[in-house]
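Trainee: Dumping the structure here so I can ask a few things about it.
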Amino acid sequence: MATSSASKRIHHPFCPSPPPLVLPLPVPTRCHSVPRLVQRKEPATLPLRRELPPKPLTAQSGLTLVELIITVAIIAILAAAAVPIARFQVRREKERQLRRDLWEMRDAIDHYKDAAEKGAFQTKADSLNYPPDLQTLVDGVDVQTKKVRFLRKIPTDPMTNSTDWGLRSNQDDPDSDSFGGQNVFDVHTKSNATALDGTKYSTW
């Protein structure tokens, strides 16, 4: 009777029911590796490059062309202005060279005359102790046991690009272009051009 009464026990509605019986699963003795499915990736395809249509000419491109034309015009104006300045500088440098060469030759003539007047060497009677030509100043004269030279070389005339200088003796007319040949009293260029200051180069 006790068993039947126990089986017919009525649960109180406020009492929780017992949890269901959960049986443990059997543990496998060996782990079987499950092959992994590898998904193959397809190579990425690059999008096709589309040819872009040529850009139409706009106001910006026209403005660039105008700027280029203006720049070329400015460069041409500056170049045209620089040419006379360059010629002026070249001419001024030639005038400086001419003055330098004339001073060098006249200084050599004066030193020759001073040495001749001091009796360092003999000269012709009608030469008045001036050199007979410019080459004598370069070749030099014998002074005792030494050769004395008064000019290293005959300079090149920057106006004529020649070593042929105009010569004057002390007996020539100062305004004459002819050379008497007695001695070399002075030298000048044979150029008849006019200097920047308005004078003739031949009168320097």
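Chain identifiers are assigned as A, B, and so on, following the order in which chains appear in the structure tokens; residues are numbered from 1 within each chain, and ligands are numbered from 1 in order of appearance.
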With only C-alpha atoms as the counted atoms, please give the residues lying no more than 8 Å from stretch 186-200 of chain A, apart from itself and same-chain residues fewer than 4 positions off, as a count of residues only.
Mentor: 16
Trainee: Between A:Gln171, A:Ser178, A:Thr163, A:Gln97, which residue has the minimum interatomic distance to A:Tyr130, considering only C-alpha atoms?
Mentor: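 Using only C-alpha atoms, A:Tyr130 sits closest to A:Gln171.
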Trainee: Fewer than 2 positions away in the same chain doesn't count, so skip those; otherwise give me all residues within 9 Å of A:Phe121, counting only C-alpha atoms, as a ChimeraX atom specification.
Mentor: /A:115-119,123,141-144
Trainee: Have a look at A:Trp103, A:Phe88, A:Tyr201, A:Tyr112 and name the one nearest to A:Asp133; count only C-alpha atoms.
Mentor: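 Among the listed residues, the smallest separation from A:Asp133 belongs to A:Tyr112.
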Trainee: Name the closest residue to A:Pro158 among the candidates A:Ala82, A:Val72, A:Glu93, A:Leu128; distances are taken between atoms, counting only C-alpha atoms.
Mentor: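 Using only C-alpha atoms, the shortest distance to A:Pro158 belongs to A:Glu93.
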